[in-house]
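Asks: Next comes the structure file protein.cif, holding mmCIF, C-alpha atoms and all ligand atoms.
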data_structure
#
loop_
_atom_site.label_atom_id
_atom_site.label_comp_id
_atom_site.auth_asym_id
_atom_site.auth_seq_id
_atom_site.Cartn_x
_atom_site.Cartn_y
_atom_site.Cartn_z
CA MET H 262 -120.33 60.06 56.11
CA LYS H 263 -121.36 57.72 53.34
CA TYR H 264 -124.94 58.79 52.91
CA THR H 265 -124.95 62.56 53.28
CA VAL H 266 -124.43 65.00 50.48
CA ASP H 267 -120.83 65.91 49.50
CA LYS H 268 -119.50 69.43 48.93
CA LYS H 269 -120.50 69.35 45.28
CA GLY H 270 -124.05 68.29 46.04
CA PHE H 271 -123.73 64.60 45.21
CA TYR H 272 -124.77 61.37 46.92
CA GLY H 273 -122.32 58.94 45.34
CA LYS H 274 -122.83 59.53 41.63
CA TYR H 275 -126.33 61.03 42.01
CA GLY H 276 -127.45 64.60 42.65
CA GLY H 277 -125.77 67.82 41.56
CA ALA H 278 -127.42 70.85 39.95
CA PHE H 279 -128.09 70.47 36.23
CA VAL H 280 -129.99 73.66 35.50
CA PRO H 281 -130.02 76.45 32.90
CA GLU H 282 -127.26 79.01 33.51
CA MET H 283 -129.92 81.61 34.27
CA LEU H 284 -130.66 79.77 37.53
CA PHE H 285 -127.07 79.68 38.80
CA PRO H 286 -127.39 82.88 40.89
CA ASN H 287 -130.59 81.66 42.62
CA LEU H 288 -129.10 78.29 43.53
CA ASP H 289 -125.80 79.86 44.47
CA GLU H 290 -127.55 82.17 46.94
CA LEU H 291 -129.36 79.21 48.50
CA GLU H 292 -126.32 76.95 48.57
CA LYS H 293 -124.18 79.64 50.26
CA ASN H 294 -126.77 80.39 52.95
CA TYR H 295 -128.97 77.41 53.75
CA ASN H 296 -126.78 75.63 56.29
CA LYS H 297 -125.83 78.87 58.02
CA ILE H 298 -129.49 79.86 58.34
CA ILE H 299 -130.74 76.40 59.40
CA ASN H 300 -128.09 76.13 62.12
CA ASP H 301 -128.71 79.63 63.43
CA LYS H 302 -130.10 79.62 67.00
CA GLU H 303 -132.89 82.10 66.31
CA PHE H 304 -133.99 80.20 63.22
CA GLN H 305 -134.02 76.95 65.21
CA ASN H 306 -136.17 78.62 67.85
CA ASP H 307 -138.71 79.92 65.32
CA TYR H 308 -138.77 76.59 63.49
CA ASN H 309 -139.22 74.47 66.62
CA ASN H 310 -141.88 76.78 68.06
CA LEU H 311 -143.95 76.55 64.89
CA LEU H 312 -143.49 72.78 64.70
CA ARG H 313 -144.78 72.53 68.26
CA ASP H 314 -147.61 75.08 68.31
CA TYR H 315 -148.76 75.13 64.67
CA VAL H 316 -147.94 71.69 63.27
CA GLY H 317 -148.55 69.82 66.53
CA ARG H 318 -145.17 68.15 67.06
CA PRO H 319 -143.82 65.94 68.41
CA THR H 320 -146.12 63.49 66.65
CA PRO H 321 -146.77 60.30 68.67
CA LEU H 322 -144.90 57.05 68.17
CA PHE H 323 -147.73 54.56 68.55
CA PHE H 324 -147.32 50.86 69.30
CA ALA H 325 -149.71 49.09 66.90
CA GLU H 326 -150.72 46.09 68.97
CA ARG H 327 -153.06 44.30 66.58
CA LEU H 328 -150.85 44.78 63.52
CA SER H 329 -147.89 43.56 65.61
CA GLU H 330 -149.83 40.43 66.56
CA LYS H 331 -150.73 39.72 62.97
CA TYR H 332 -147.24 40.20 61.51
CA LYS H 333 -145.35 38.78 64.51
CA CYS H 334 -143.00 41.65 65.30
CA LYS H 335 -143.20 44.97 67.18
CA ILE H 336 -144.72 47.56 64.87
CA TYR H 337 -144.56 51.25 65.77
CA LEU H 338 -146.30 53.97 63.78
CA LYS H 339 -144.78 57.44 63.51
CA ARG H 340 -147.96 59.48 63.30
CA GLU H 341 -147.18 62.14 60.67
CA ASP H 342 -150.87 61.92 59.72
CA LEU H 343 -151.53 63.97 62.87
CA CYS H 344 -149.55 66.95 61.59
CA HIS H 345 -151.56 70.07 60.70
CA THR H 346 -152.84 69.57 57.10
CA GLY H 347 -152.67 65.80 57.53
CA ALA H 348 -149.21 64.77 56.37
CA HIS H 349 -145.47 65.28 56.75
CA LYS H 350 -145.15 67.81 53.90
CA ILE H 351 -145.67 70.76 56.24
CA ASN H 352 -142.41 70.04 58.13
CA ASN H 353 -140.59 71.10 54.98
CA THR H 354 -142.76 74.07 53.98
CA ILE H 355 -142.48 75.56 57.50
CA GLY H 356 -138.71 75.34 57.24
CA GLN H 357 -138.56 76.82 53.76
CA ILE H 358 -140.90 79.74 54.47
CA LEU H 359 -138.73 80.78 57.44
CA LEU H 360 -135.63 80.42 55.26
CA ALA H 361 -137.23 82.48 52.46
CA LYS H 362 -138.03 85.26 54.93
CA ARG H 363 -134.45 85.32 56.15
CA LEU H 364 -133.26 85.59 52.53
CA GLY H 365 -135.52 88.64 52.19
CA LYS H 366 -137.90 87.03 49.68
CA LYS H 367 -141.34 88.57 49.14
CA ARG H 368 -142.96 85.92 46.99
CA ILE H 369 -143.23 82.13 46.98
CA ILE H 370 -143.76 79.81 44.03
CA ALA H 371 -144.25 76.05 44.04
CA GLU H 372 -145.31 73.25 41.75
CA THR H 373 -147.84 70.63 42.73
CA GLY H 374 -149.18 67.43 41.20
CA ALA H 375 -151.99 66.11 43.35
CA GLY H 376 -152.14 69.39 45.25
CA GLN H 377 -150.81 68.18 48.61
CA HIS H 378 -147.58 70.17 48.38
CA GLY H 379 -149.52 73.13 46.98
CA VAL H 380 -151.77 73.10 50.04
CA ALA H 381 -148.81 72.78 52.45
CA THR H 382 -147.13 75.73 50.71
CA ALA H 383 -150.27 77.90 50.57
CA THR H 384 -150.77 77.18 54.28
CA VAL H 385 -147.40 78.55 55.38
CA CYS H 386 -147.71 81.54 53.02
CA ALA H 387 -151.03 82.43 54.67
CA LEU H 388 -149.38 81.98 58.07
CA LYS H 389 -146.62 84.42 57.17
CA GLY H 390 -148.60 86.77 54.89
CA ILE H 391 -146.47 86.12 51.81
CA GLU H 392 -147.70 86.12 48.20
CA CYS H 393 -148.07 82.57 46.89
CA VAL H 394 -148.29 81.29 43.30
CA ILE H 395 -148.86 77.57 42.73
CA TYR H 396 -148.27 76.01 39.31
CA MET H 397 -150.40 72.99 38.56
CA GLY H 398 -151.06 71.03 35.37
CA ALA H 399 -154.44 71.86 33.80
CA VAL H 400 -155.36 68.15 33.90
CA ASP H 401 -154.46 67.93 37.60
CA ILE H 402 -156.51 71.05 38.37
CA LYS H 403 -159.58 69.20 37.03
CA ARG H 404 -158.71 65.95 38.85
CA GLN H 405 -157.93 67.55 42.23
CA ALA H 406 -160.68 70.13 42.68
CA PRO H 407 -160.83 70.00 46.52
CA ASN H 408 -157.12 70.81 46.86
CA VAL H 409 -157.44 73.65 44.33
CA ALA H 410 -160.28 75.04 46.47
CA ARG H 411 -158.14 74.72 49.62
CA MET H 412 -155.27 76.63 48.01
CA LYS H 413 -157.63 79.40 46.90
CA MET H 414 -159.17 79.67 50.38
CA LEU H 415 -155.67 80.01 51.77
CA GLY H 416 -155.09 82.98 49.46
CA ALA H 417 -152.84 81.41 46.82
CA SER H 418 -153.14 81.93 43.07
CA VAL H 419 -153.29 78.64 41.18
CA VAL H 420 -151.84 78.92 37.67
CA ALA H 421 -152.66 76.21 35.11
CA ALA H 422 -149.78 74.69 33.13
CA GLU H 423 -151.19 74.12 29.64
CA SER H 424 -148.14 72.60 27.91
CA GLY H 425 -147.24 68.93 27.32
CA SER H 426 -149.30 66.39 29.24
CA LYS H 427 -150.57 69.21 31.51
CA THR H 428 -149.42 67.37 34.65
CA LEU H 429 -146.65 67.65 37.26
CA LYS H 430 -143.61 67.91 35.00
CA ASP H 431 -145.23 70.71 33.00
CA ALA H 432 -146.10 72.55 36.22
CA THR H 433 -142.46 72.18 37.28
CA ASN H 434 -141.28 73.68 33.99
CA GLU H 435 -143.57 76.68 34.49
CA ALA H 436 -142.34 77.18 38.06
CA ILE H 437 -138.71 77.12 36.92
CA ARG H 438 -139.51 79.64 34.18
CA ASP H 439 -141.10 81.93 36.79
CA TRP H 440 -138.05 81.62 39.05
CA ILE H 441 -135.69 82.54 36.21
CA ASN H 442 -137.77 85.67 35.60
CA ASN H 443 -138.02 86.67 39.28
CA PRO H 444 -134.69 85.68 40.85
CA ILE H 445 -134.42 88.48 43.42
CA THR H 446 -137.92 88.56 44.93
CA THR H 447 -138.95 84.92 44.76
CA HIS H 448 -138.18 81.67 46.58
CA TYR H 449 -139.14 78.37 44.97
CA ILE H 450 -140.39 75.81 47.55
CA ILE H 451 -139.77 72.30 46.23
CA GLY H 452 -141.89 69.64 47.95
CA SER H 453 -139.68 66.56 48.16
CA VAL H 454 -136.02 65.52 48.30
CA VAL H 455 -135.75 66.17 44.55
CA GLY H 456 -134.52 69.02 42.37
CA PRO H 457 -131.06 70.60 42.05
CA HIS H 458 -128.62 70.81 44.96
CA PRO H 459 -129.12 72.08 47.66
CA TYR H 460 -132.83 71.15 47.64
CA PRO H 461 -132.55 67.40 48.37
CA ASP H 462 -130.29 68.04 51.36
CA MET H 463 -132.29 71.02 52.59
CA VAL H 464 -135.62 69.17 52.43
CA ALA H 465 -134.10 66.09 54.10
CA LYS H 466 -132.84 68.31 56.93
CA PHE H 467 -136.29 69.84 57.44
CA GLN H 468 -137.85 66.36 57.53
CA SER H 469 -135.14 64.92 59.81
CA ILE H 470 -137.18 66.00 62.83
CA VAL H 471 -139.10 62.74 62.28
CA SER H 472 -136.16 60.45 63.14
CA GLU H 473 -134.88 62.85 65.77
CA GLU H 474 -138.15 62.42 67.66
CA ILE H 475 -138.21 58.65 67.12
CA LYS H 476 -134.83 58.26 68.85
CA ALA H 477 -136.12 59.84 72.05
CA GLN H 478 -139.50 58.09 71.84
CA LEU H 479 -138.02 54.63 71.31
CA LEU H 480 -135.60 55.14 74.15
CA GLU H 481 -138.55 55.73 76.44
CA LYS H 482 -140.62 52.81 75.13
CA GLU H 483 -138.00 50.18 74.26
CA ASN H 484 -134.93 51.33 76.12
CA THR H 485 -133.02 51.72 72.87
CA GLN H 486 -132.83 54.53 70.32
CA ASN H 487 -132.51 52.11 67.44
CA PRO H 488 -135.20 50.03 65.74
CA ASN H 489 -134.26 46.93 63.75
CA TYR H 490 -136.11 48.19 60.67
CA LEU H 491 -137.39 51.42 59.20
CA LEU H 492 -140.15 51.21 56.62
CA ALA H 493 -141.43 54.07 54.44
CA ASN H 494 -143.21 54.72 51.17
CA ILE H 495 -141.32 56.62 48.49
CA GLY H 496 -142.69 59.13 46.00
CA GLY H 497 -139.86 61.63 45.65
CA GLY H 498 -138.69 60.37 49.02
CA SER H 499 -139.13 63.15 51.60
CA ASN H 500 -141.04 61.28 54.32
CA ALA H 501 -138.60 58.39 53.88
CA ALA H 502 -135.61 60.74 54.09
CA GLY H 503 -136.95 62.17 57.35
CA LEU H 504 -137.46 58.69 58.80
CA TYR H 505 -133.98 57.49 57.80
CA TYR H 506 -131.95 60.67 58.32
CA ASN H 507 -130.58 60.15 61.83
CA TYR H 508 -130.04 56.42 61.22
CA LEU H 509 -128.33 56.50 57.83
CA GLU H 510 -124.81 55.92 59.13
CA ASN H 511 -125.91 53.19 61.58
CA GLU H 512 -126.05 50.13 59.34
CA ASN H 513 -127.51 47.94 62.11
CA VAL H 514 -130.78 49.75 61.44
CA LYS H 515 -132.12 48.20 58.25
CA ILE H 516 -134.05 50.27 55.74
CA ILE H 517 -136.95 49.15 53.56
CA SER H 518 -138.24 51.57 50.91
CA VAL H 519 -141.61 50.88 49.31
CA GLU H 520 -142.45 52.17 45.85
CA ALA H 521 -145.69 52.06 43.88
CA ALA H 522 -145.85 49.26 41.31
CA GLY H 523 -149.20 50.58 40.04
CA GLU H 524 -150.88 47.80 38.08
CA GLY H 525 -147.64 45.80 38.14
CA VAL H 526 -143.99 46.52 37.39
CA LYS H 527 -144.29 45.09 33.86
CA SER H 528 -147.81 46.39 33.12
CA GLY H 529 -146.72 49.67 31.54
CA LYS H 530 -148.71 51.41 34.29
CA SER H 531 -146.25 51.73 37.16
CA ALA H 532 -144.12 54.12 39.19
CA ALA H 533 -141.48 51.61 40.35
CA THR H 534 -138.36 53.64 39.63
CA SER H 535 -136.02 51.26 41.47
CA VAL H 536 -136.84 48.57 38.88
CA LEU H 537 -137.70 50.60 35.79
CA GLY H 538 -135.47 53.65 36.27
CA LYS H 539 -132.24 54.48 34.48
CA THR H 540 -129.75 57.23 35.28
CA GLY H 541 -130.74 60.56 33.80
CA ILE H 542 -131.55 64.16 34.66
CA ILE H 543 -134.91 65.21 36.05
CA HIS H 544 -135.82 68.52 37.74
CA GLY H 545 -132.17 69.54 37.66
CA SER H 546 -130.84 66.46 39.43
CA LYS H 547 -128.97 63.37 38.23
CA THR H 548 -130.88 60.39 39.53
CA LEU H 549 -132.86 57.30 38.56
CA LEU H 550 -135.89 57.99 36.43
CA MET H 551 -138.29 56.21 34.14
CA GLN H 552 -137.40 57.17 30.58
CA THR H 553 -137.55 55.89 27.02
CA ASN H 554 -134.35 54.83 25.20
CA ASP H 555 -134.02 58.33 23.79
CA GLY H 556 -134.45 59.95 27.21
CA GLN H 557 -138.09 61.04 27.17
CA ILE H 558 -139.72 60.82 30.59
CA ILE H 559 -142.28 58.01 30.82
CA GLU H 560 -145.54 59.07 32.47
CA PRO H 561 -145.72 57.18 35.77
CA TYR H 562 -148.87 55.64 37.16
CA SER H 563 -150.07 54.78 40.66
CA ILE H 564 -153.50 54.81 42.28
CA SER H 565 -151.96 57.12 44.90
CA ALA H 566 -151.30 60.60 43.56
CA GLY H 567 -148.34 61.20 45.89
CA LEU H 568 -146.36 58.22 44.57
CA ASP H 569 -147.09 58.98 40.94
CA TYR H 570 -143.61 60.41 40.22
CA PRO H 571 -141.23 59.23 37.46
CA GLY H 572 -138.06 59.36 39.60
CA VAL H 573 -136.71 59.21 43.14
CA GLY H 574 -134.52 61.79 44.87
CA PRO H 575 -130.74 61.33 44.47
CA LEU H 576 -130.30 60.21 48.10
CA HIS H 577 -132.60 57.27 47.43
CA ALA H 578 -130.90 56.37 44.15
CA HIS H 579 -127.66 56.22 46.18
CA LEU H 580 -129.24 54.15 48.98
CA LEU H 581 -130.45 51.68 46.35
CA GLU H 582 -127.16 51.47 44.50
CA SER H 583 -125.08 51.11 47.67
CA LYS H 584 -127.58 48.51 48.95
CA ARG H 585 -128.06 50.53 52.16
CA ALA H 586 -131.80 50.31 51.48
CA GLU H 587 -133.84 47.40 50.22
CA PHE H 588 -136.55 48.45 47.72
CA MET H 589 -139.93 46.81 47.24
CA SER H 590 -142.68 47.52 44.71
CA ILE H 591 -146.29 47.26 45.85
CA THR H 592 -149.29 47.15 43.49
CA ASP H 593 -152.43 49.27 43.71
CA SER H 594 -154.50 46.29 44.82
CA ASP H 595 -152.10 45.25 47.61
CA ALA H 596 -151.96 48.86 48.83
CA MET H 597 -155.74 49.27 48.84
CA LEU H 598 -156.22 46.05 50.83
CA ALA H 599 -153.54 47.13 53.29
CA GLY H 600 -155.29 50.49 53.72
CA LEU H 601 -158.48 48.69 54.65
CA GLU H 602 -156.64 46.30 56.98
CA VAL H 603 -154.86 49.09 58.89
CA SER H 604 -158.18 50.92 59.26
CA LYS H 605 -159.88 47.86 60.73
CA LEU H 606 -156.98 46.70 62.93
CA GLU H 607 -155.83 50.03 64.34
CA GLY H 608 -158.69 52.49 63.82
CA ILE H 609 -156.55 54.77 61.65
CA ILE H 610 -157.41 55.33 57.98
CA PRO H 611 -154.12 55.84 56.10
CA ALA H 612 -153.40 57.85 52.97
CA ILE H 613 -153.01 55.43 50.06
CA GLU H 614 -149.32 56.41 49.85
CA THR H 615 -148.92 55.27 53.47
CA ALA H 616 -150.89 52.09 52.80
CA HIS H 617 -148.16 50.99 50.36
CA ALA H 618 -145.70 50.69 53.24
CA PHE H 619 -148.10 48.45 55.19
CA ALA H 620 -148.69 46.19 52.20
CA ALA H 621 -145.01 45.22 52.41
CA PHE H 622 -145.56 43.28 55.67
CA LYS H 623 -147.11 40.24 54.04
CA TYR H 624 -143.96 39.82 51.90
CA LEU H 625 -141.48 40.26 54.75
CA ASP H 626 -140.33 37.96 57.54
CA PHE H 627 -139.49 39.54 60.86
CA LYS H 628 -138.41 38.01 64.16
CA THR H 629 -140.88 38.43 67.05
CA ASN H 630 -138.53 40.81 68.86
CA ASP H 631 -137.80 42.99 65.83
CA ILE H 632 -138.79 46.62 66.28
CA VAL H 633 -140.18 47.97 63.00
CA VAL H 634 -140.98 51.68 62.71
CA VAL H 635 -143.34 52.63 59.87
CA ASN H 636 -143.67 56.23 58.79
CA PHE H 637 -147.42 56.91 58.82
CA SER H 638 -146.95 59.70 56.28
CA GLY H 639 -150.55 60.91 55.99
CA ARG H 640 -154.22 60.48 56.81
CA GLY H 641 -156.69 58.92 54.41
CA ASP H 642 -159.41 61.59 54.30
CA LYS H 643 -158.11 62.97 51.01
CA ASP H 644 -158.39 59.48 49.50
CA LEU H 645 -161.89 58.67 50.68
CA ASP H 646 -163.40 58.91 47.17
CA THR H 647 -160.81 56.44 45.86
CA TYR H 648 -161.49 54.02 48.73
CA ILE H 649 -165.27 54.38 48.19
CA GLU H 650 -165.02 53.62 44.49
CA TYR H 651 -162.52 50.78 44.90
CA PHE H 652 -164.38 48.89 47.65
CA ASN H 653 -167.92 49.95 46.73
CA LEU H 654 -168.34 51.36 50.24
C1 LIG X 1 -146.70 63.52 49.08
C2 LIG X 1 -146.94 62.34 49.94
C3 LIG X 1 -146.08 61.20 49.92
C4 LIG X 1 -144.95 61.05 48.95
O1 LIG X 1 -143.99 62.06 48.96
P1 LIG X 1 -142.54 61.82 49.57
O2 LIG X 1 -141.77 63.03 49.21
O3 LIG X 1 -141.99 60.58 48.96
O4 LIG X 1 -142.70 61.66 51.04
C5 LIG X 1 -146.34 60.18 50.80
N1 LIG X 1 -147.39 60.21 51.67
C6 LIG X 1 -148.23 61.27 51.72
C7 LIG X 1 -149.35 61.24 52.69
C8 LIG X 1 -148.03 62.36 50.86
O5 LIG X 1 -148.87 63.41 50.92
#
Could you write out this file's structure as structure tokens?
Replies:
Amino acid sequence: MKYTVDKKGFYGKYGGAFVPEMLFPNLDELEKNYNKIINDKEFQNDYNNLLRDYVGRPTPLFFAERLSEKYKCKIYLKREDLCHTGAHKINNTIGQILLAKRLGKKRIIAETGAGQHGVATATVCALKGIECVIYMGAVDIKRQAPNVARMKMLGASVVAAESGSKTLKDATNEAIRDWINNPITTHYIIGSVVGPHPYPDMVAKFQSIVSEEIKAQLLEKENTQNPNYLLANIGGGSNAAGLYYNYLENENVKIISVEAAGEGVKSGKSAATSVLGKTGIIHGSKTLLMQTNDGQIIEPYSISAGLDYPGVGPLHAHLLESKRAEFMSITDSDAMLAGLEVSKLEGIIPAIETAHAFAAFKYLDFKTNDIVVVNFSGRGDKDLDTYIEYFNL
């Protein structure tokens, strides 16, 4: 297996667990138990029942006729926007809350940037009646008021991180500090395929339901389990990991990963890690990240809050380096136009993160028979204000 994690928690040269010694026992407990728990029959039952009855899975695989006509190939949309809470993130938080319960944890912490992962975490904590503390940069709390209100309605405490730039990385530092202080009672739910081993692998496994469903759905619609191309946007890389997971070792299925170029890769306002990133350590993992020559993290920028992350998960760094995946960088303006186009052609308003994947089509050449599956990672309601302002709607 070339693209799954090895025994030491690495994908090629990326991954591992580079954390303070104080966190070793927490990660050790997780690492020793996560596969056993995930593969347990009863766990699988609980997980699949909640995915069906609470999240609303399986999500449809929709043939996008008008987009297909325009881009001259067969475009299918995996409708993760139809999941409860409006995006794929809940697939992971459902899995982790069940895992935390089985580890006997009484309290959940998480970090959030734009608030999407905070909402997905607060949702499952309400569902299971578990105490929930969300760390969020003070600047982000101001910028993302509706998500802060959602978390509070769901019963979570939202704690402001007041250090540094008061954004995501500062919230992450606070969450890690909390975990060090509460190792026995608390589980830390990380929201993407990032962080120290075993998080990237664990989150990828919880998201792998996406490609598992696609195999069965494509078989029914196209008489084959395998598309020619998979296309996903990448922030940390969890919706992409879910889309790719069951196809990684089948190199006939090509992979295209779309990052946010922001105002342009060379503009100084970008989040295109595949171009700008260098090997380093972020959130306890060795991966590609945007950093200065002396190793300070460069603040990323994208119009979409979910892609505004200075690194990619170690799996994706490995897929880039091994050339298993082709990476593209899409600017804010291309993404916004694609968001409008998808809305008008298919009657589905995408999250701006999702719109980045669609913007790639005008730069790609497919054959008319190519089957291209796009992960429709989230719905656009949360981005309505940004669309309104951008297009003067
Ligand atoms: C958070 C988010 C993303 C980016 O996160 P990944 O871990 O890369 O999937 C993409 N789309 C939507 C709708 C999101 O909420």
Asks: Return as a tab-separated table the residues of chain H lying at most 6 Å from ligand LIG 1 (chain X), together with the closest atom-to-atom pair for each and the distance in Å to one decimal, counting all atoms listed in the file, with rows in chain order and ascending residue number.
Replies:
residue	atom	partner	partner_atom	distance
H:Ala348	CA	X:LIG1	C7	5.1
H:Gln377	CA	X:LIG1	O5	5.6
H:Ser453	CA	X:LIG1	O2	4.2
H:Ile495	CA	X:LIG1	O3	4.0
H:Gly496	CA	X:LIG1	O3	3.4
H:Gly497	CA	X:LIG1	O3	4.1
H:Gly498	CA	X:LIG1	O3	3.3
H:Ser499	CA	X:LIG1	O2	3.6
H:Asn500	CA	X:LIG1	O4	3.7
H:Ala501	CA	X:LIG1	O4	6.0
H:Gly567	CA	X:LIG1	C1	4.3
H:Leu568	CA	X:LIG1	C4	5.4
H:Ala612	CA	X:LIG1	C7	5.3
H:Glu614	CA	X:LIG1	N1	4.6
H:Thr615	CA	X:LIG1	N1	5.5
H:Ser638	CA	X:LIG1	C7	4.6
H:Gly639	CA	X:LIG1	C7	3.5
Asks: Tell me which protein, DNA and RNA residues are within 6 Å of range 584-596 of chain H, counting all atoms listed in the file, leaving out same-chain ones fewer than 6 positions away, and put them as a PyMOL selection string.
Replies: chain H and resi 516-525+564+616-617+620
Asks: Tell me which protein, DNA and RNA residues are within 8 Å of Tyr449 in chain H, counting all atoms listed in the file, leaving out same-chain ones fewer than 6 positions away, and put them as a PyMOL selection string.
Replies: chain H and resi 369-371+436+440
Asks: Which one of H:Thr540, H:Pro444, H:Met551, H:Met397 sits closest to Ser426 in chain H if you count all atoms listed in the file?
Replies: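 For Ser426 in chain H, the nearest of the given residues is H:Met397.
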Asks: Mind giving me the straight-line distance from CA of Leu312 in chain H to CA of Leu415 in chain H in Å, one decimal?
Replies: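 Pair CA of Leu312 in chain H / CA of Leu415 in chain H returns 19.2 Å.
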Asks: Would you work out the distance separating CA of His448 in chain H from CA of Tyr308 in chain H, expressed in Å to one decimal?
Replies: 17.7 Å
Asks: Kindly indicate which residue among H:Leu581, H:Ile632, H:Val514, H:Val385 lies nearest to Ser329 in chain H, using all atoms listed in the file for the distances.
Replies: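 Once distances to Ser329 in chain H are computed over all atoms listed in the file, the minimum belongs to H:Ile632.
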Asks: Could you tell me, as an MDAnalysis selection string, which residues have any atom at most 7 Å from (-157.7, 58.0, 52.8), counting only C-alpha atoms?
Replies: chainID H and resid 610:613 640:645 648
Asks: Could you check the closest approach to Ala387 in chain H for each of H:Gly416, H:Leu364, H:Asn408, H:Gln478 and tell me which residue wins, using all atoms listed in the file?
Replies: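 Distance minimum relative to Ala387 in chain H lands on H:Gly416.
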Asks: Mind giving me the straight-line distance from CA of Glu510 in chain H to CA of Gly456 in chain H in Å, one decimal?
Replies: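 The value is 23.4 Å.
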Asks: List as JSON, numbers by chain the protein and nucleic acid residues near Arg438 in chain H, meaning an atom at most 12 Å away when all atoms listed in the file are counted, but skip any in the same chain fewer than 4 places from it.
Replies: {"H": [280, 281, 283, 284, 370, 371, 372, 396, 422, 431, 432, 433, 434, 442, 443, 444, 447, 449]}
Asks: Around all the atoms of range 561-567 of chain H listed in the file, draw an axis-aligned box and extend it by 6 Å on each of the six sides; I want its centre and edge lengths in Å to one decimal, as AutoDock Vina command-line options.
Replies:
--center_x -149.6 --center_y 58.0 --center_z 40.8 --size_x 19.8 --size_y 18.4 --size_z 22.1
Asks: Using all atoms listed in the file, which protein or nucleic acid residues come within 9 Å of Lys367 in chain H? Drop anything in the same chain fewer than 5 positions from it, and give the result as an mmCIF file with C-alpha atoms, keeping the file's coordinate frame.
Replies:
data_model
loop_
_atom_site.group_PDB
_atom_site.id
_atom_site.type_symbol
_atom_site.label_atom_id
_atom_site.label_comp_id
_atom_site.auth_asym_id
_atom_site.auth_seq_id
_atom_site.Cartn_x
_atom_site.Cartn_y
_atom_site.Cartn_z
ATOM 1 C CA ALA H 361 -137.230 82.480 52.460
ATOM 2 C CA LYS H 362 -138.030 85.260 54.930
ATOM 3 C CA ILE H 391 -146.470 86.120 51.810
ATOM 4 C CA GLU H 392 -147.700 86.120 48.200
ATOM 5 C CA ILE H 445 -134.420 88.480 43.420
ATOM 6 C CA THR H 446 -137.920 88.560 44.930
ATOM 7 C CA THR H 447 -138.950 84.920 44.760
ATOM 8 C CA HIS H 448 -138.180 81.670 46.580
#
Asks: Choose the residue, out of H:Thr553, H:His458, H:Cys344, H:Thr548, that has the smallest atom-to-atom separation from Asp289 in chain H; count only C-alpha atoms.
Replies: H:His458
Asks: Counting all atoms listed in the file, which of H:Gly277, H:Pro407, H:Pro286, H:Pro321 gets nearest to Asp646 in chain H?
Replies: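 Among the listed residues, the smallest separation from Asp646 in chain H belongs to H:Pro407.
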Asks: Contacts of Val635 in chain H at 8 Å or less, counting all atoms listed in the file, minus same-chain residues fewer than 2 places along, as an MDAnalysis selection string?
Replies: chainID H and resid 336:339 491:493 618:619 633 637
Asks: Hey, can you spit out that residue selection with C-alpha atoms as a PDB file, keeping the file's coordinate frame?
Replies:
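See selection-v1.pdb below for the written result:
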ATOM      1  CA  ILE H 336    -144.720  47.560  64.870  1.00  0.00           C
ATOM      2  CA  TYR H 337    -144.560  51.250  65.770  1.00  0.00           C
ATOM      3  CA  LEU H 338    -146.300  53.970  63.780  1.00  0.00           C
ATOM      4  CA  LYS H 339    -144.780  57.440  63.510  1.00  0.00           C
ATOM      5  CA  LEU H 491    -137.390  51.420  59.200  1.00  0.00           C
ATOM      6  CA  LEU H 492    -140.150  51.210  56.620  1.00  0.00           C
ATOM      7  CA  ALA H 493    -141.430  54.070  54.440  1.00  0.00           C
ATOM      8  CA  ALA H 618    -145.700  50.690  53.240  1.00  0.00           C
ATOM      9  CA  PHE H 619    -148.100  48.450  55.190  1.00  0.00           C
ATOM     10  CA  VAL H 633    -140.180  47.970  63.000  1.00  0.00           C
ATOM     11  CA  PHE H 637    -147.420  56.910  58.820  1.00  0.00           C
TER      12      PHE H 637
END
Asks: Rank H:Gln557, H:Ser528, H:Thr320, H:Gln468 by their smallest atom-to-atom distance to Tyr505 in chain H, using only C-alpha atoms, and report the top residue only.
Replies: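 Smallest separation from Tyr505 in chain H among the options: H:Gln468.
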Asks: Write range 421-425 of chain H as a PDB file, keeping the file's coordinate frame, completed to N, CA, C and O atoms.
Replies:
ATOM      1  N   ALA H 421    -152.602  77.460  35.876  1.00  0.00           N
ATOM      2  CA  ALA H 421    -152.660  76.210  35.110  1.00  0.00           C
ATOM      3  C   ALA H 421    -151.494  76.115  34.132  1.00  0.00           C
ATOM      4  O   ALA H 421    -151.219  77.062  33.395  1.00  0.00           O
ATOM      5  N   ALA H 422    -150.805  74.960  34.146  1.00  0.00           N
ATOM      6  CA  ALA H 422    -149.780  74.690  33.130  1.00  0.00           C
ATOM      7  C   ALA H 422    -150.476  73.970  31.968  1.00  0.00           C
ATOM      8  O   ALA H 422    -151.062  72.907  32.145  1.00  0.00           O
ATOM      9  N   GLU H 423    -150.421  74.617  30.783  1.00  0.00           N
ATOM     10  CA  GLU H 423    -151.190  74.120  29.640  1.00  0.00           C
ATOM     11  C   GLU H 423    -150.327  73.373  28.617  1.00  0.00           C
ATOM     12  O   GLU H 423    -150.831  72.930  27.590  1.00  0.00           O
ATOM     13  N   SER H 424    -149.011  73.245  28.905  1.00  0.00           N
ATOM     14  CA  SER H 424    -148.140  72.600  27.910  1.00  0.00           C
ATOM     15  C   SER H 424    -148.073  71.088  28.158  1.00  0.00           C
ATOM     16  O   SER H 424    -148.502  70.592  29.202  1.00  0.00           O
ATOM     17  N   GLY H 425    -147.523  70.362  27.193  1.00  0.00           N
ATOM     18  CA  GLY H 425    -147.240  68.930  27.320  1.00  0.00           C
ATOM     19  C   GLY H 425    -148.437  68.118  27.764  1.00  0.00           C
ATOM     20  O   GLY H 425    -149.551  68.288  27.275  1.00  0.00           O
TER      21      GLY H 425
END
